[in-house]
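Colleague: Structure incoming, see below.
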Amino acid sequence: MSGAARVVVVGLGPAGADLVLPAARAAIAAVEPQARFVRTARHPAVDDLAASGLVLQSFDAVYDVSPDVESVYRTIVERLVDAARLDGTVVYAVPGSPAVAERTVVLLREHPGVEVEEIPGVSFVDLVWSRARLDPLAGARLVDGHRFAVDAAGLVGVLVVAQCDTRDALSEVKLALLDALDASHDVVVLQRLGCIDEAVVTVALEDLDRVVDPDHLTTLVVDTGTRAVAPEVARLVELARRLRGPGGCPWDAAQTHHTLRRHVLEEAYEVAEAIEALPIDAPGGAGDVPLGAYDDLADELGDLLFQVVIHTVLAEERAAFTLAEVAEGIHDKLVRRHPHVFGDVEVRDADEVVTNWEQIKQDERGGASLVAGIGTGLPALLAAQKLLRKEASVGLAAPDAPAADEGLRAAVDALAAAGPDQVEAALGRVLGAVVAVGRARGLDGESALAGWVRRRRDRFQAMEALATTERVDLAAASAEVVADLWARAAP
């Protein structure tokens, strides 16, 4: 090995070798054949270069064995770094330009074990500007077809949609655009620009995923005019900024994260209450949904969503994070914590999913205790359920239904025998045992108790109605009369 590990990244341009810049070709020729790599051989210039004696080793096989695209890119980077450590300098060729939509180059720049030199190339976007007769200075925006719904949210005007390489990607773009545009709206499809079979056609939006046969050289251009793509959440964020800004609402402007804390709790509980109004198996099952139940849930979820938005707006004011970063963070977290979906981990059942989740969560927190923080902010019933779930995640055997029932009976007996200074602890044991009974039967204690409260409330209201009908003053009635009304109010 001579010198530091070094990767020279060259752009292959958008088409054949005639669009590969001389500096890129010279860099490829300057290293030994074993030090020449290309991300994918699915590029017109690769065969052209091979015909002139410049053979490149592709990483196409990595795509076949990796669970997701991000894993592909990280594997490629590690193999390049290993090769550079062995040979000193390697050349890595990528489609188009290294500076445009090339995730592996971003990862290489961030890698501490290698020096990176980049030799520019002609980007596919350069040909898009020409073929679609667009001037990027006029405001055209470049977005990723695989992240279109997120990246294009709130954007208006000319959008250049890259990496539309699958029919699923076309469908995602189409569905997001249909929220803002008519089904007949024109979409320009540009394919294999710079190649002998280059094609530029215009199709109706509704036909995008029906008539277009996508490949890795497919790009779209669509002009949304003044109609924003998926603007609803973006508009809500702007509304929160307006309320906080000059000339906005004095109350909103005065809020802090801590003053809003109780509102988050209130809205969360109101969402939970709206959920309780739905049938137990909603959305599945054959039960009838009470009139307006889903309307109530949508309304309460909106209130809770605004709490998320306004907290992110407050965080923006300190340059801490944005709503996009919140969404990206939870997206990436869910991917990490579902290795049985996005990786090669196998699970037997839902219990094993929970076990994996807790272990991954502990690893993310640097090995901190799994039970750290339980009980510091949650209601005690929820905290008890969470504690039992974490115990189960490390293999602490949870009682089956008969054992849980026996534990409850023992706790009740201990409460009956407890002295004055032991009653509170004994009562806590009973309540904990009740939670364990519910868990053993696959029931959520919070939901069960909420259901009991709802039924008890309904019965009380039915008793009040009976008393009104019979002109009984509940406050002045005897215990016997109240007891009779209560019995008759039973469902």
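Numbering starts fresh at 1 for the residues of each chain in the structure tokens, the chains themselves are lettered A, B, ... in the order given, and ligands are numbered from 1 as they appear.
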Find the spatial neighbours of A:Gln359, counting only C-alpha atoms, within a cut-off of 8 Å - ignore same-chain residues fewer than 4 positions away - and output them as a list in words.

Modeller: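 Residues near the query, excluding close chain neighbours: Thr355, Asp363 and Ser393 of chain A.
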
Colleague: If we count only C-alpha atoms and set the cut-off at 12 Å, which residues sit around A:Pro136, ignoring sequence neighbours fewer than 3 positions away in its own chain? Please answer as a ChimeraX atom specification.

Modeller: /A:125-130,132-133,139-142,157-160

Colleague: Selected residues, N, CA and C atoms, written as a compact mmCIF listing (two decimals), in the first residue's frame, please.

Modeller:
```txt
# COMPACT_ATOMS: atom_id res chain seq x y z
N VAL A 125 -29.36 15.73 -14.92
CA VAL A 125 -30.16 16.94 -14.82
C VAL A 125 -29.78 17.94 -15.91
N ASP A 126 -28.50 17.91 -16.31
CA ASP A 126 -28.08 18.82 -17.37
C ASP A 126 -28.83 18.53 -18.66
N LEU A 127 -29.06 17.24 -18.94
CA LEU A 127 -29.82 16.88 -20.13
C LEU A 127 -31.30 17.18 -19.96
N VAL A 128 -31.79 17.03 -18.72
CA VAL A 128 -33.20 17.36 -18.45
C VAL A 128 -33.46 18.83 -18.76
N TRP A 129 -32.56 19.71 -18.28
CA TRP A 129 -32.76 21.13 -18.54
C TRP A 129 -32.87 21.39 -20.05
N SER A 130 -32.03 20.68 -20.82
CA SER A 130 -32.01 20.90 -22.26
C SER A 130 -33.25 20.32 -22.94
N ALA A 132 -36.17 19.34 -21.70
CA ALA A 132 -37.45 19.90 -21.25
C ALA A 132 -37.50 21.42 -21.40
N ARG A 133 -36.38 21.99 -21.90
CA ARG A 133 -36.29 23.43 -22.13
C ARG A 133 -36.60 24.21 -20.85
N GLY A 139 -36.54 28.49 -11.20
CA GLY A 139 -37.20 27.96 -10.00
C GLY A 139 -37.59 26.51 -10.03
N ALA A 140 -37.14 25.74 -11.01
CA ALA A 140 -37.45 24.30 -11.02
C ALA A 140 -36.81 23.63 -9.81
N ARG A 141 -37.51 22.65 -9.23
CA ARG A 141 -37.02 21.94 -8.04
C ARG A 141 -36.79 20.48 -8.37
N LEU A 142 -35.67 19.93 -7.88
CA LEU A 142 -35.33 18.53 -8.08
C LEU A 142 -35.73 17.75 -6.84
N GLY A 157 -44.98 24.82 -8.66
CA GLY A 157 -44.20 25.11 -9.86
C GLY A 157 -43.65 23.87 -10.51
N VAL A 158 -42.51 24.02 -11.22
CA VAL A 158 -41.92 22.92 -11.99
C VAL A 158 -41.13 22.00 -11.07
N LEU A 159 -41.48 20.72 -11.09
CA LEU A 159 -40.78 19.71 -10.30
C LEU A 159 -40.11 18.73 -11.25
N VAL A 160 -38.82 18.47 -11.03
CA VAL A 160 -38.09 17.44 -11.76
C VAL A 160 -37.96 16.26 -10.80
```

Colleague: Report, in Å with one decimal, the straight-line distance from atom CA of A:Asp186 to atom CA of A:Val150.

Modeller: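 It comes out at 21.6 Å.
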
Colleague: With a cut-off of 7 Å, could you pull out the residues of stretch 139-182 of chain A touching stretch 204-216 of chain A and give me the nearest pair of atoms for each, distance in Å to one decimal, using only C-alpha atoms, ordered by chain and ascending number, as a tab-separated table?

Modeller:
```
residue	atom	partner	partner_atom	distance
A:Gln163	CA	A:His216	CA	6.5
A:Cys164	CA	A:Pro214	CA	6.7
A:Asp165	CA	A:Asp215	CA	4.5
A:Thr166	CA	A:Pro214	CA	5.5
A:Arg167	CA	A:Asp209	CA	5.8
A:Leu170	CA	A:Asp209	CA	5.3
A:Ser171	CA	A:Asp209	CA	5.5
A:Lys174	CA	A:Leu205	CA	6.4
```

Colleague: Which polymer residues have any atom within 12 Å of an atom of A:Ala426, counting only C-alpha atoms, with same-chain residues fewer than 6 positions away left out, as a VMD selection string?

Modeller: chain A and resid 408 410 to 420 432 to 433

Colleague: Looking only at strand (DSSP E) from DSSP on the backbone, list the matching residues of stretch 133-371 of chain A as number ranges by chain.

Modeller: A: 141-144, 158-162, 186-191, 199-204, 218-223

Colleague: So, with only C-alpha atoms as the atoms that count, which of A:Pro112, A:Gly96, A:Pro44, A:Gly445 lies closest to A:Leu382?

Modeller: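 Of the candidates, the smallest distance to A:Leu382 is held by A:Gly445.
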
Colleague: DSSP says alpha helix (DSSP H) for which residues of stretch 338-420 of chain A? Put them as number ranges by chain?

Modeller: A: 339-342, 350-364, 380-393, 401-416

Colleague: Residues near stretch 446-451 of chain A, anyone? I mean within 10 Å using only C-alpha atoms, not counting same-chain ones fewer than 2 positions away, as a list in words.

Modeller: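 Selected residues are Ala272, Glu273, Ile275, Glu276, Ala277, Ile280, Pro379, Ala380, Leu381, Leu382, Gln385, Val435, Gly438, Leu443, Asp444, Val453, Arg454, Arg455, Arg456 and Arg457 of chain A.
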
Colleague: I'd like the contact shell of stretch 13-27 of chain A - 6 Å cut-off, only C-alpha atoms, skipping same-chain residues fewer than 3 positions apart - returned as an MDAnalysis selection string.

Modeller: chainID A and resid 10 30 44:45 48 95:96 121:124 194:195

Colleague: Okay, now the selection with N, CA, C and O atoms, as a CSV table (one decimal), in the first residue's frame?

Modeller:
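Saved as part-v4.csv:
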```csv
chain,number,residue,atom,x,y,z
A,10,VAL,N,-15.5,9.3,-9.8
A,10,VAL,CA,-15.6,9.9,-11.1
A,10,VAL,C,-17.1,9.7,-11.5
A,10,VAL,O,-17.8,8.8,-11.2
A,30,ALA,N,-5.7,5.5,-14.9
A,30,ALA,CA,-4.4,5.7,-14.1
A,30,ALA,C,-4.2,4.6,-13.0
A,30,ALA,O,-3.2,4.6,-12.5
A,44,PRO,N,-25.0,2.8,-19.6
A,44,PRO,CA,-24.5,2.7,-21.0
A,44,PRO,C,-23.0,2.8,-21.1
A,44,PRO,O,-22.3,2.2,-22.0
A,45,ALA,N,-22.4,3.7,-20.3
A,45,ALA,CA,-20.9,4.0,-20.4
A,45,ALA,C,-20.1,2.8,-20.0
A,45,ALA,O,-18.9,2.7,-20.4
A,48,ASP,N,-19.2,0.6,-23.0
A,48,ASP,CA,-18.4,1.4,-23.9
A,48,ASP,C,-17.0,1.5,-23.4
A,48,ASP,O,-16.0,1.3,-24.2
A,95,PRO,N,-23.0,6.8,-11.8
A,95,PRO,CA,-23.8,7.4,-12.9
A,95,PRO,C,-23.9,8.9,-12.7
A,95,PRO,O,-23.9,9.4,-11.6
A,96,GLY,N,-23.9,9.6,-13.8
A,96,GLY,CA,-24.1,11.0,-13.8
A,96,GLY,C,-22.9,11.7,-13.2
A,96,GLY,O,-21.7,11.5,-13.5
A,121,GLY,N,-18.9,15.0,-13.3
A,121,GLY,CA,-19.4,14.5,-14.5
A,121,GLY,C,-20.6,15.2,-15.0
A,121,GLY,O,-21.2,16.0,-14.2
A,122,VAL,N,-21.0,15.0,-16.2
A,122,VAL,CA,-22.3,15.5,-16.7
A,122,VAL,C,-23.4,14.8,-16.0
A,122,VAL,O,-23.5,13.6,-16.0
A,123,SER,N,-24.3,15.6,-15.4
A,123,SER,CA,-25.4,15.0,-14.7
A,123,SER,C,-26.6,14.8,-15.6
A,123,SER,O,-26.8,15.5,-16.6
A,124,PHE,N,-27.5,13.8,-15.3
A,124,PHE,CA,-28.7,13.7,-16.0
A,124,PHE,C,-29.5,14.9,-16.0
A,124,PHE,O,-30.3,15.2,-16.9
A,194,GLY,N,-29.7,11.0,-23.8
A,194,GLY,CA,-28.3,10.9,-24.3
A,194,GLY,C,-28.0,9.6,-24.9
A,194,GLY,O,-26.9,9.4,-25.5
A,195,CYS,N,-28.9,8.6,-24.8
A,195,CYS,CA,-28.7,7.3,-25.4
A,195,CYS,C,-29.3,7.2,-26.8
A,195,CYS,O,-30.2,8.1,-27.1
```
